[in-house]
file target_3.cif (mmCIF, C-alpha atoms)
data_query
loop_
_atom_site.group_PDB
_atom_site.id
_atom_site.type_symbol
_atom_site.label_atom_id
_atom_site.label_comp_id
_atom_site.auth_asym_id
_atom_site.auth_seq_id
_atom_site.Cartn_x
_atom_site.Cartn_y
_atom_site.Cartn_z
ATOM 1 C CA MET A 1 1.307 -9.536 29.243
ATOM 2 C CA ASN A 2 0.122 -7.350 26.368
ATOM 3 C CA LYS A 3 -3.622 -6.877 26.002
ATOM 4 C CA PRO A 4 -4.893 -8.267 22.689
ATOM 5 C CA LYS A 5 -6.321 -6.036 19.997
ATOM 6 C CA ARG A 6 -9.943 -6.964 19.309
ATOM 7 C CA LEU A 7 -10.962 -8.191 15.854
ATOM 8 C CA LEU A 8 -13.694 -5.797 14.674
ATOM 9 C CA ARG A 9 -14.647 -7.231 11.293
ATOM 10 C CA VAL A 10 -13.413 -8.910 8.135
ATOM 11 C CA VAL A 11 -14.226 -7.364 4.755
ATOM 12 C CA GLU A 12 -13.804 -8.312 1.108
ATOM 13 C CA SER A 13 -13.516 -6.151 -1.985
ATOM 14 C CA GLN A 14 -16.672 -4.214 -2.846
ATOM 15 C CA SER A 15 -15.290 -2.791 -6.077
ATOM 16 C CA ALA A 16 -13.257 -4.213 -8.974
ATOM 17 C CA TYR A 17 -12.022 -2.163 -11.910
ATOM 18 C CA TRP A 18 -9.105 -1.516 -14.234
ATOM 19 C CA VAL A 19 -6.589 1.261 -13.634
ATOM 20 C CA GLY A 20 -5.526 2.178 -17.149
ATOM 21 C CA ASP A 21 -5.043 -0.979 -19.202
ATOM 22 C CA GLY A 22 -2.435 -2.575 -16.940
ATOM 23 C CA PHE A 23 -3.855 -2.949 -13.429
ATOM 24 C CA PRO A 24 -6.988 -5.033 -12.744
ATOM 25 C CA VAL A 25 -7.634 -4.149 -9.109
ATOM 26 C CA ARG A 26 -9.855 -5.171 -6.241
ATOM 27 C CA ASN A 27 -10.421 -2.302 -3.823
ATOM 28 C CA LEU A 28 -10.658 -3.102 -0.101
ATOM 29 C CA PHE A 29 -11.192 0.468 1.076
ATOM 30 C CA PRO A 30 -12.673 2.995 0.673
ATOM 31 C CA SER A 31 -15.198 0.744 -1.148
ATOM 32 C CA ASN A 32 -15.667 -0.595 2.389
ATOM 33 C CA PRO A 33 -16.186 2.675 4.335
ATOM 34 C CA LEU A 34 -13.720 2.132 7.178
ATOM 35 C CA GLY A 35 -13.171 5.864 7.720
ATOM 36 C CA ALA A 36 -11.362 6.897 10.887
ATOM 37 C CA ASP A 37 -10.832 3.253 11.899
ATOM 38 C CA ILE A 38 -8.179 2.856 9.164
ATOM 39 C CA SER A 39 -6.580 6.353 9.284
ATOM 40 C CA PRO A 40 -3.898 7.322 8.194
ATOM 41 C CA PHE A 41 -4.518 4.882 5.314
ATOM 42 C CA LEU A 42 -6.899 6.120 2.630
ATOM 43 C CA MET A 43 -6.999 3.333 0.050
ATOM 44 C CA LEU A 44 -5.880 -0.241 -0.596
ATOM 45 C CA ASP A 45 -5.959 -1.575 -4.168
ATOM 46 C CA TYR A 46 -4.910 -5.172 -4.822
ATOM 47 C CA ALA A 47 -3.869 -5.637 -8.447
ATOM 48 C CA GLY A 48 -4.047 -9.174 -9.757
ATOM 49 C CA PRO A 49 -2.858 -11.823 -9.673
ATOM 50 C CA HIS A 50 -3.460 -11.495 -13.407
ATOM 51 C CA GLU A 51 -1.570 -13.077 -16.293
ATOM 52 C CA PHE A 52 -0.727 -10.830 -19.234
ATOM 53 C CA ALA A 53 0.152 -12.250 -22.627
ATOM 54 C CA PRO A 54 3.367 -11.086 -24.331
ATOM 55 C CA SER A 55 2.893 -7.829 -26.204
ATOM 56 C CA ASP A 56 4.728 -5.089 -28.055
ATOM 57 C CA LYS A 57 2.433 -2.386 -26.636
ATOM 58 C CA ALA A 58 3.075 -0.634 -23.317
ATOM 59 C CA ARG A 59 0.411 -1.176 -20.658
ATOM 60 C CA GLY A 60 -0.388 0.659 -17.467
ATOM 61 C CA GLY A 61 -1.537 4.030 -16.213
ATOM 62 C CA GLY A 62 -0.489 7.167 -18.095
ATOM 63 C CA GLU A 63 0.224 10.632 -16.746
ATOM 64 C CA HIS A 64 -1.844 11.613 -13.703
ATOM 65 C CA PRO A 65 -1.329 13.934 -10.709
ATOM 66 C CA HIS A 66 -1.358 13.518 -6.914
ATOM 67 C CA ARG A 67 -1.333 16.028 -4.070
ATOM 68 C CA GLY A 68 -1.690 15.818 -0.306
ATOM 69 C CA PHE A 69 -0.795 12.192 0.397
ATOM 70 C CA GLU A 70 1.634 9.331 -0.316
ATOM 71 C CA THR A 71 1.407 6.316 -2.611
ATOM 72 C CA VAL A 72 3.052 3.062 -1.520
ATOM 73 C CA SER A 73 3.414 0.387 -4.217
ATOM 74 C CA ILE A 74 4.447 -3.146 -3.201
ATOM 75 C CA ALA A 75 5.367 -5.635 -5.933
ATOM 76 C CA TYR A 76 4.827 -9.380 -5.481
ATOM 77 C CA GLN A 77 4.946 -10.522 -9.121
ATOM 78 C CA GLY A 78 5.693 -8.661 -12.339
ATOM 79 C CA SER A 79 7.613 -5.429 -12.912
ATOM 80 C CA VAL A 80 6.383 -1.846 -13.231
ATOM 81 C CA GLY A 81 8.278 1.238 -14.360
ATOM 82 C CA HIS A 82 7.741 4.657 -12.785
ATOM 83 C CA ARG A 83 8.719 8.190 -13.721
ATOM 84 C CA ASP A 84 7.506 11.515 -12.380
ATOM 85 C CA SER A 85 7.656 15.264 -12.851
ATOM 86 C CA ALA A 86 10.210 15.615 -10.041
ATOM 87 C CA GLY A 87 12.746 13.724 -12.175
ATOM 88 C CA ASN A 88 12.511 10.358 -10.395
ATOM 89 C CA ALA A 89 12.417 7.123 -12.375
ATOM 90 C CA GLY A 90 12.849 3.444 -11.621
ATOM 91 C CA VAL A 91 11.494 -0.086 -11.890
ATOM 92 C CA ILE A 92 9.624 -1.915 -9.139
ATOM 93 C CA ARG A 93 10.399 -5.639 -9.299
ATOM 94 C CA PRO A 94 9.129 -8.519 -7.135
ATOM 95 C CA GLY A 95 9.914 -7.766 -3.512
ATOM 96 C CA ASP A 96 10.511 -4.050 -4.138
ATOM 97 C CA VAL A 97 8.562 -1.127 -2.692
ATOM 98 C CA GLN A 98 8.121 2.385 -4.038
ATOM 99 C CA TRP A 99 7.150 5.061 -1.502
ATOM 100 C CA MET A 100 6.197 8.313 -3.217
ATOM 101 C CA THR A 101 5.328 11.323 -1.088
ATOM 102 C CA ALA A 102 3.324 13.483 -3.482
ATOM 103 C CA ALA A 103 2.841 16.275 -0.899
ATOM 104 C CA SER A 104 2.554 19.607 -2.795
ATOM 105 C CA GLY A 105 2.128 17.830 -6.100
ATOM 106 C CA VAL A 106 3.613 15.267 -8.446
ATOM 107 C CA VAL A 107 2.650 14.083 -11.909
ATOM 108 C CA HIS A 108 3.694 10.510 -12.698
ATOM 109 C CA GLU A 109 3.011 7.429 -14.783
ATOM 110 C CA GLU A 110 3.125 3.725 -13.936
ATOM 111 C CA LEU A 111 3.664 1.373 -16.876
ATOM 112 C CA HIS A 112 4.590 -2.293 -17.120
ATOM 113 C CA GLU A 113 8.369 -2.551 -17.461
ATOM 114 C CA ALA A 114 9.469 -3.111 -21.083
ATOM 115 C CA ASP A 115 10.918 -6.629 -20.685
ATOM 116 C CA PHE A 116 7.854 -7.734 -18.677
ATOM 117 C CA VAL A 117 5.613 -6.455 -21.490
ATOM 118 C CA LYS A 118 7.567 -8.429 -24.119
ATOM 119 C CA ARG A 119 7.670 -11.727 -22.249
ATOM 120 C CA GLY A 120 4.313 -11.454 -20.450
ATOM 121 C CA GLY A 121 3.615 -13.022 -17.070
ATOM 122 C CA VAL A 122 1.702 -12.611 -13.842
ATOM 123 C CA LEU A 123 1.284 -9.183 -12.245
ATOM 124 C CA GLU A 124 0.493 -8.936 -8.533
ATOM 125 C CA MET A 125 0.861 -5.677 -6.608
ATOM 126 C CA ILE A 126 -0.633 -3.646 -3.790
ATOM 127 C CA GLN A 127 -0.972 0.119 -3.792
ATOM 128 C CA LEU A 128 -1.750 1.995 -0.594
ATOM 129 C CA TRP A 129 -2.636 5.658 -0.266
ATOM 130 C CA VAL A 130 -1.381 7.157 2.997
ATOM 131 C CA ASN A 131 -2.683 10.488 4.232
ATOM 132 C CA LEU A 132 -0.429 13.379 5.206
ATOM 133 C CA PRO A 133 -1.148 15.799 8.048
ATOM 134 C CA ARG A 134 -2.026 19.388 7.192
ATOM 135 C CA SER A 135 1.495 20.506 8.134
ATOM 136 C CA HIS A 136 3.030 18.341 5.370
ATOM 137 C CA LYS A 137 0.472 18.466 2.564
ATOM 138 C CA MET A 138 2.281 21.299 0.785
ATOM 139 C CA SER A 139 5.841 20.197 1.560
ATOM 140 C CA ALA A 140 8.314 19.203 -1.140
ATOM 141 C CA PRO A 141 7.686 15.813 -2.822
ATOM 142 C CA ARG A 142 9.927 12.872 -1.897
ATOM 143 C CA TYR A 143 10.625 9.552 -3.605
ATOM 144 C CA GLN A 144 11.950 6.397 -1.903
ATOM 145 C CA SER A 145 12.863 3.377 -4.010
ATOM 146 C CA LEU A 146 13.274 0.345 -1.736
ATOM 147 C CA THR A 147 14.724 -2.723 -3.405
ATOM 148 C CA SER A 148 14.042 -6.107 -1.872
ATOM 149 C CA ALA A 149 17.691 -6.360 -0.764
ATOM 150 C CA ASN A 150 17.349 -3.119 1.205
ATOM 151 C CA ILE A 151 14.218 -4.095 3.123
ATOM 152 C CA PRO A 152 15.195 -5.664 6.486
ATOM 153 C CA ASN A 153 13.829 -9.132 7.111
ATOM 154 C CA ALA A 154 13.849 -11.544 10.034
ATOM 155 C CA LYS A 155 13.359 -15.282 10.292
ATOM 156 C CA LEU A 156 10.462 -16.269 12.573
ATOM 157 C CA ASP A 157 10.831 -20.045 12.792
ATOM 158 C CA GLU A 158 12.731 -23.015 11.384
ATOM 159 C CA GLN A 159 9.983 -23.754 8.842
ATOM 160 C CA GLY A 160 10.664 -20.616 6.805
ATOM 161 C CA SER A 161 8.204 -18.077 8.206
ATOM 162 C CA GLU A 162 9.594 -14.557 7.918
ATOM 163 C CA ILE A 163 8.759 -10.892 8.276
ATOM 164 C CA ARG A 164 10.003 -8.017 6.103
ATOM 165 C CA ILE A 165 9.940 -4.612 7.767
ATOM 166 C CA ILE A 166 8.960 -2.087 5.092
ATOM 167 C CA ALA A 167 8.367 0.728 7.579
ATOM 168 C CA GLY A 168 8.377 1.218 11.337
ATOM 169 C CA ASN A 169 10.299 -0.921 13.799
ATOM 170 C CA TRP A 170 9.772 -4.580 14.591
ATOM 171 C CA ASN A 171 11.713 -6.167 17.448
ATOM 172 C CA ASP A 172 14.508 -3.559 17.101
ATOM 173 C CA HIS A 173 14.655 -4.065 13.314
ATOM 174 C CA PRO A 174 14.074 -0.618 11.724
ATOM 175 C CA GLY A 175 12.128 -0.559 8.474
ATOM 176 C CA GLY A 176 13.491 0.508 5.116
ATOM 177 C CA ALA A 177 11.192 3.511 4.554
ATOM 178 C CA GLN A 178 11.106 6.902 6.206
ATOM 179 C CA THR A 179 7.577 7.947 7.147
ATOM 180 C CA VAL A 180 6.021 11.319 7.935
ATOM 181 C CA THR A 181 3.783 9.994 10.712
ATOM 182 C CA PRO A 182 4.297 6.791 12.780
ATOM 183 C CA ILE A 183 3.517 3.790 10.553
ATOM 184 C CA GLU A 184 4.259 0.070 10.824
ATOM 185 C CA LEU A 185 4.151 -1.784 7.493
ATOM 186 C CA TYR A 186 5.239 -5.436 7.357
ATOM 187 C CA ASP A 187 5.258 -8.126 4.675
ATOM 188 C CA LEU A 188 4.537 -11.284 6.669
ATOM 189 C CA ARG A 189 4.958 -14.827 5.293
ATOM 190 C CA LEU A 190 3.769 -17.617 7.611
ATOM 191 C CA LYS A 191 4.187 -21.312 6.954
ATOM 192 C CA LYS A 192 1.382 -23.738 7.763
ATOM 193 C CA GLY A 193 1.298 -24.456 11.495
ATOM 194 C CA ALA A 194 3.126 -21.262 12.482
ATOM 195 C CA HIS A 195 1.935 -19.141 15.400
ATOM 196 C CA PHE A 196 3.004 -15.528 15.539
ATOM 197 C CA ASP A 197 2.321 -12.959 18.263
ATOM 198 C CA LEU A 198 2.274 -9.634 16.412
ATOM 199 C CA LYS A 199 3.000 -6.606 18.609
ATOM 200 C CA ILE A 200 1.546 -3.237 17.548
ATOM 201 C CA PRO A 201 1.421 -0.053 19.690
ATOM 202 C CA ALA A 202 -1.988 0.646 21.262
ATOM 203 C CA ALA A 203 -2.138 4.128 19.715
ATOM 204 C CA MET A 204 -2.289 2.694 16.182
ATOM 205 C CA ASN A 205 -5.136 1.652 13.923
ATOM 206 C CA THR A 206 -4.341 -1.833 12.621
ATOM 207 C CA ALA A 207 -5.425 -4.122 9.787
ATOM 208 C CA LEU A 208 -4.166 -7.380 8.309
ATOM 209 C CA PHE A 209 -4.600 -7.914 4.574
ATOM 210 C CA LEU A 210 -4.540 -11.591 3.649
ATOM 211 C CA LEU A 211 -3.372 -11.876 0.042
ATOM 212 C CA LYS A 212 -3.690 -15.661 0.084
ATOM 213 C CA GLY A 213 -3.736 -18.516 2.552
ATOM 214 C CA ALA A 214 -5.677 -19.291 5.720
ATOM 215 C CA ILE A 215 -5.181 -17.857 9.207
ATOM 216 C CA SER A 216 -6.927 -18.008 12.553
ATOM 217 C CA ILE A 217 -7.423 -15.012 14.873
ATOM 218 C CA GLU A 218 -9.418 -15.192 18.101
ATOM 219 C CA GLY A 219 -10.741 -18.577 16.977
ATOM 220 C CA LYS A 220 -12.086 -17.114 13.720
ATOM 221 C CA SER A 221 -10.793 -18.537 10.434
ATOM 222 C CA ILE A 222 -9.982 -16.130 7.610
ATOM 223 C CA GLU A 223 -9.106 -17.844 4.358
ATOM 224 C CA GLY A 224 -8.873 -17.361 0.614
ATOM 225 C CA GLU A 225 -7.758 -14.273 -1.292
ATOM 226 C CA ALA A 226 -7.991 -10.545 -0.606
ATOM 227 C CA LYS A 227 -9.520 -10.459 2.890
ATOM 228 C CA LEU A 228 -8.974 -7.499 5.232
ATOM 229 C CA ALA A 229 -9.225 -7.918 9.004
ATOM 230 C CA LEU A 230 -9.731 -4.693 10.982
ATOM 231 C CA PHE A 231 -8.772 -4.404 14.650
ATOM 232 C CA SER A 232 -9.463 -2.138 17.607
ATOM 233 C CA MET A 233 -6.958 0.583 18.409
ATOM 234 C CA THR A 234 -6.788 -0.522 22.048
ATOM 235 C CA GLY A 235 -4.542 -3.473 22.826
ATOM 236 C CA GLU A 236 -1.029 -4.280 21.673
ATOM 237 C CA SER A 237 -1.049 -7.904 20.501
ATOM 238 C CA ILE A 238 -2.564 -10.017 17.727
ATOM 239 C CA MET A 239 -2.025 -13.777 17.849
ATOM 240 C CA ILE A 240 -2.026 -15.211 14.323
ATOM 241 C CA GLY A 241 -2.192 -18.928 13.594
ATOM 242 C CA ALA A 242 -1.417 -20.109 10.063
ATOM 243 C CA GLN A 243 -3.721 -22.903 8.884
ATOM 244 C CA ALA A 244 -1.971 -22.865 5.482
ATOM 245 C CA ASP A 245 1.012 -21.088 3.968
ATOM 246 C CA SER A 246 -0.104 -17.449 4.091
ATOM 247 C CA THR A 247 1.000 -14.069 2.746
ATOM 248 C CA ILE A 248 -0.129 -11.095 4.853
ATOM 249 C CA LEU A 249 0.411 -7.352 4.700
ATOM 250 C CA VAL A 250 0.344 -5.763 8.151
ATOM 251 C CA LEU A 251 -0.623 -2.095 8.135
ATOM 252 C CA ALA A 252 -0.773 0.017 11.275
ATOM 253 C CA GLY A 253 -0.466 3.718 11.922
ATOM 254 C CA GLU A 254 -1.315 6.576 14.245
ATOM 255 C CA PRO A 255 -4.539 8.196 13.019
ATOM 256 C CA ILE A 256 -4.532 11.734 11.637
ATOM 257 C CA ASP A 257 -7.374 13.539 13.384
ATOM 258 C CA GLU A 258 -8.063 16.166 10.722
ATOM 259 C CA PRO A 259 -10.805 16.741 8.120
ATOM 260 C CA VAL A 260 -10.352 14.749 4.905
ATOM 261 C CA ALA A 261 -11.475 16.280 1.630
ATOM 262 C CA GLN A 262 -10.894 14.256 -1.537
ATOM 263 C CA MET A 263 -11.403 14.900 -5.219
ATOM 264 C CA GLY A 264 -9.967 12.110 -7.373
ATOM 265 C CA PRO A 265 -6.161 12.126 -7.003
ATOM 266 C CA PHE A 266 -6.111 15.054 -4.543
ATOM 267 C CA VAL A 267 -6.545 14.703 -0.764
ATOM 268 C CA MET A 268 -6.608 17.903 1.273
ATOM 269 C CA ASN A 269 -8.454 19.300 4.304
ATOM 270 C CA SER A 270 -11.053 21.484 2.556
ATOM 271 C CA ARG A 271 -12.873 21.947 -0.752
ATOM 272 C CA PRO A 272 -11.135 25.262 -1.577
ATOM 273 C CA GLU A 273 -7.778 23.452 -1.261
ATOM 274 C CA LEU A 274 -9.025 20.784 -3.682
ATOM 275 C CA LEU A 275 -10.112 23.393 -6.203
ATOM 276 C CA GLN A 276 -6.696 25.018 -5.921
ATOM 277 C CA ALA A 277 -5.047 21.638 -6.556
ATOM 278 C CA VAL A 278 -7.097 21.188 -9.729
ATOM 279 C CA GLU A 279 -6.142 24.656 -10.943
ATOM 280 C CA ASP A 280 -2.462 24.111 -10.124
ATOM 281 C CA TYR A 281 -2.408 20.885 -12.105
ATOM 282 C CA ARG A 282 -4.191 22.392 -15.079
ATOM 283 C CA SER A 283 -1.851 25.378 -15.117
ATOM 284 C CA GLY A 284 1.235 23.127 -15.088
ATOM 285 C CA LYS A 285 2.458 23.986 -11.591
ATOM 286 C CA MET A 286 2.871 20.269 -10.798
ATOM 287 C CA GLY A 287 4.800 19.707 -14.026
ATOM 288 C CA HIS A 288 4.130 17.346 -16.909
ATOM 289 C CA LEU A 289 5.802 14.346 -18.516
ATOM 290 C CA THR A 290 7.032 13.953 -22.068
ATOM 291 C CA PRO A 291 4.804 11.358 -23.755
ATOM 292 C CA THR A 292 5.867 7.705 -23.667
ATOM 293 C CA PRO A 293 5.194 5.638 -26.815
ATOM 294 C CA ARG A 294 2.404 3.132 -26.135
#
call {"tool": "encode", "arguments": {"input": "target_3.cif", "output": "structure tokens"}}
result
Amino acid sequence: MNKPKRLLRVVESQSAYWVGDGFPVRNLFPSNPLGADISPFLMLDYAGPHEFAPSDKARGGGEHPHRGFETVSIAYQGSVGHRDSAGNAGVIRPGDVQWMTAASGVVHEELHEADFVKRGGVLEMIQLWVNLPRSHKMSAPRYQSLTSANIPNAKLDEQGSEIRIIAGNWNDHPGGAQTVTPIELYDLRLKKGAHFDLKIPAAMNTALFLLKGAISIEGKSIEGEAKLALFSMTGESIMIGAQADSTILVLAGEPIDEPVAQMGPFVMNSRPELLQAVEDYRSGKMGHLTPTPR
């Protein structure tokens, strides 16, 4: 029998702000200083749910750089367009995931998709920042566009509970994304009354992000919106009971035991590396985008 992972604490957003004019976000960490307990994950922003009125003006976040880590964008409602200085472009629609490995440096923009802007509607997304080890921080950038149809999913019960395997491997179902370090990332939908024994390797830090619903873990109820449950690394099992229909993002990964130095959109191992990143961006070494009409 697998030893259970211990529930350490449950946190809520300690910071809410707008990213550009298109993403009203609640930050779960690092506004909650989880540090090494959540490595390799650096940030979780939950955008929305927020209803936008129809418009003829583009909304979102304009050109900005990244170096030294990965951004993972998961769309639940609404559509967002992406383009970057490496020549990648695409639209993230409900159910899709964009996994961008910035590594040595990428400049990109994230704007509401044109048809979504015109008709308006509800936007709901998650963006994670995932650290890279020193050996990969200056590697070539990589872009993975995962459509909903290409993300493996499995039925968990006859009531409609299911799991989508974005990354990692669940019950011999490999995830859709390639990762630099070992990561398990699942989109879990549990129907009221469901019980699910989640298996996660003992070597991984683990958290459950409850977007909405009500669940029970170790006899403790967690309910509402935007709650993050953090678990011990030891143990390999988390028993989840659904007290209501619930949407959960499971994030687990092997920690990266290296110094973390951050300056805005750059995450390296030392301050001199950060200063070099700033200079490289300013000098155009990460590229630039042609302006998009707004």
call {"tool": "resolve_selection", "arguments": {"input": "target_3.cif", "expression": "the PyMOL selection byres ((chain A and resi 30) around 12)", "output": "PyMOL selection string"}}
result
chain A and resi 11-15+26-29+31-39+41-45+128-129+262
call {"tool": "atom_distance", "arguments": {"input": "target_3.cif", "atom1": "atom CA of Asp257 of chain A", "atom2": "atom CA of Pro201 of chain A"}}
result
17.4 Å
call {"tool": "resolve_selection", "arguments": {"input": "target_3.cif", "expression": "the PyMOL selection byres ((chain A and resi 53-67) around 6)", "output": "ChimeraX atom specification"}}
result
/A:20-22,52,68-69,102-112,117-120,265-266,294
call {"tool": "write_last_selection", "arguments": {"input": "target_3.cif", "atoms": "C-alpha atoms", "output": "short mmCIF file (atom, residue, chain, number, x, y, z; two decimals), in the frame of the given file"}}
result
data_model
loop_
_atom_site.label_atom_id
_atom_site.label_comp_id
_atom_site.auth_asym_id
_atom_site.auth_seq_id
_atom_site.Cartn_x
_atom_site.Cartn_y
_atom_site.Cartn_z
CA GLY A 20 -5.53 2.18 -17.15
CA ASP A 21 -5.04 -0.98 -19.20
CA GLY A 22 -2.44 -2.58 -16.94
CA PHE A 52 -0.73 -10.83 -19.23
CA GLY A 68 -1.69 15.82 -0.31
CA PHE A 69 -0.80 12.19 0.40
CA ALA A 102 3.32 13.48 -3.48
CA ALA A 103 2.84 16.27 -0.90
CA SER A 104 2.55 19.61 -2.80
CA GLY A 105 2.13 17.83 -6.10
CA VAL A 106 3.61 15.27 -8.45
CA VAL A 107 2.65 14.08 -11.91
CA HIS A 108 3.69 10.51 -12.70
CA GLU A 109 3.01 7.43 -14.78
CA GLU A 110 3.12 3.72 -13.94
CA LEU A 111 3.66 1.37 -16.88
CA HIS A 112 4.59 -2.29 -17.12
CA VAL A 117 5.61 -6.46 -21.49
CA LYS A 118 7.57 -8.43 -24.12
CA ARG A 119 7.67 -11.73 -22.25
CA GLY A 120 4.31 -11.45 -20.45
CA PRO A 265 -6.16 12.13 -7.00
CA PHE A 266 -6.11 15.05 -4.54
CA ARG A 294 2.40 3.13 -26.14
#
call {"tool": "atom_distance", "arguments": {"input": "target_3.cif", "atom1": "atom CA of Phe196 of chain A", "atom2": "atom CA of Asp245 of chain A"}}
result
13.0 Å
call {"tool": "resolve_selection", "arguments": {"input": "target_3.cif", "expression": "the PyMOL selection byres ((chain A and resi 269) around 7)", "output": "PyMOL selection string"}}
result
chain A and resi 259-261+268+270+273
call {"tool": "residues_around", "arguments": {"input": "target_3.cif", "residues": "segment 1-7 of chain A", "least_positions_apart": "5", "cutoff": "12 Å", "atoms": "all atoms listed in the file", "output": "PyMOL selection string"}}
result
chain A and resi 197-208+216-222+228-240+252
call {"tool": "atom_distance", "arguments": {"input": "target_3.cif", "atom1": "atom CA of Ile166 of chain A", "atom2": "atom CA of Lys192 of chain A"}}
result
23.1 Å
call {"tool": "closest_residue", "arguments": {"input": "target_3.cif", "among": "A:Leu146, A:Glu254, A:Gln77, A:Ala167", "to": "Gly121 of chain A", "atoms": "all atoms listed in the file"}}
result
A:Gln77
call {"tool": "closest_residue", "arguments": {"input": "target_3.cif", "among": "A:Leu156, A:Ala194, A:Leu132, A:Leu211", "to": "Gly253 of chain A", "atoms": "only C-alpha atoms"}}
result
A:Leu132
call {"tool": "residues_around", "arguments": {"input": "target_3.cif", "residues": "Asp96 of chain A", "least_positions_apart": "6", "cutoff": "10 Å", "atoms": "all atoms listed in the file", "output": "VMD selection string"}}
result
chain A and resid 73 to 77 79 145 to 151 166
call {"tool": "closest_residue", "arguments": {"input": "target_3.cif", "among": "A:Leu210, A:Leu123, A:Leu274, A:Leu8", "to": "Glu51 of chain A", "atoms": "all atoms listed in the file"}}
result
A:Leu123
call {"tool": "closest_residue", "arguments": {"input": "target_3.cif", "among": "A:Lys155, A:Arg142, A:His50, A:Arg189", "to": "Ala177 of chain A", "atoms": "all atoms listed in the file"}}
result
A:Arg142
call {"tool": "closest_residue", "arguments": {"input": "target_3.cif", "among": "A:Leu251, A:His288, A:Val19, A:Glu158", "to": "Val72 of chain A", "atoms": "only C-alpha atoms"}}
result
A:Leu251
call {"tool": "axis_aligned_box", "arguments": {"input": "target_3.cif", "around": "segment 176-184 of chain A", "padding_each_side": "8 Å", "output": "lines of an AutoDock Vina configuration file"}}
result
center_x = 8.5
center_y = 5.7
center_z = 8.7
size_x = 26.0
size_y = 27.2
size_z = 24.2
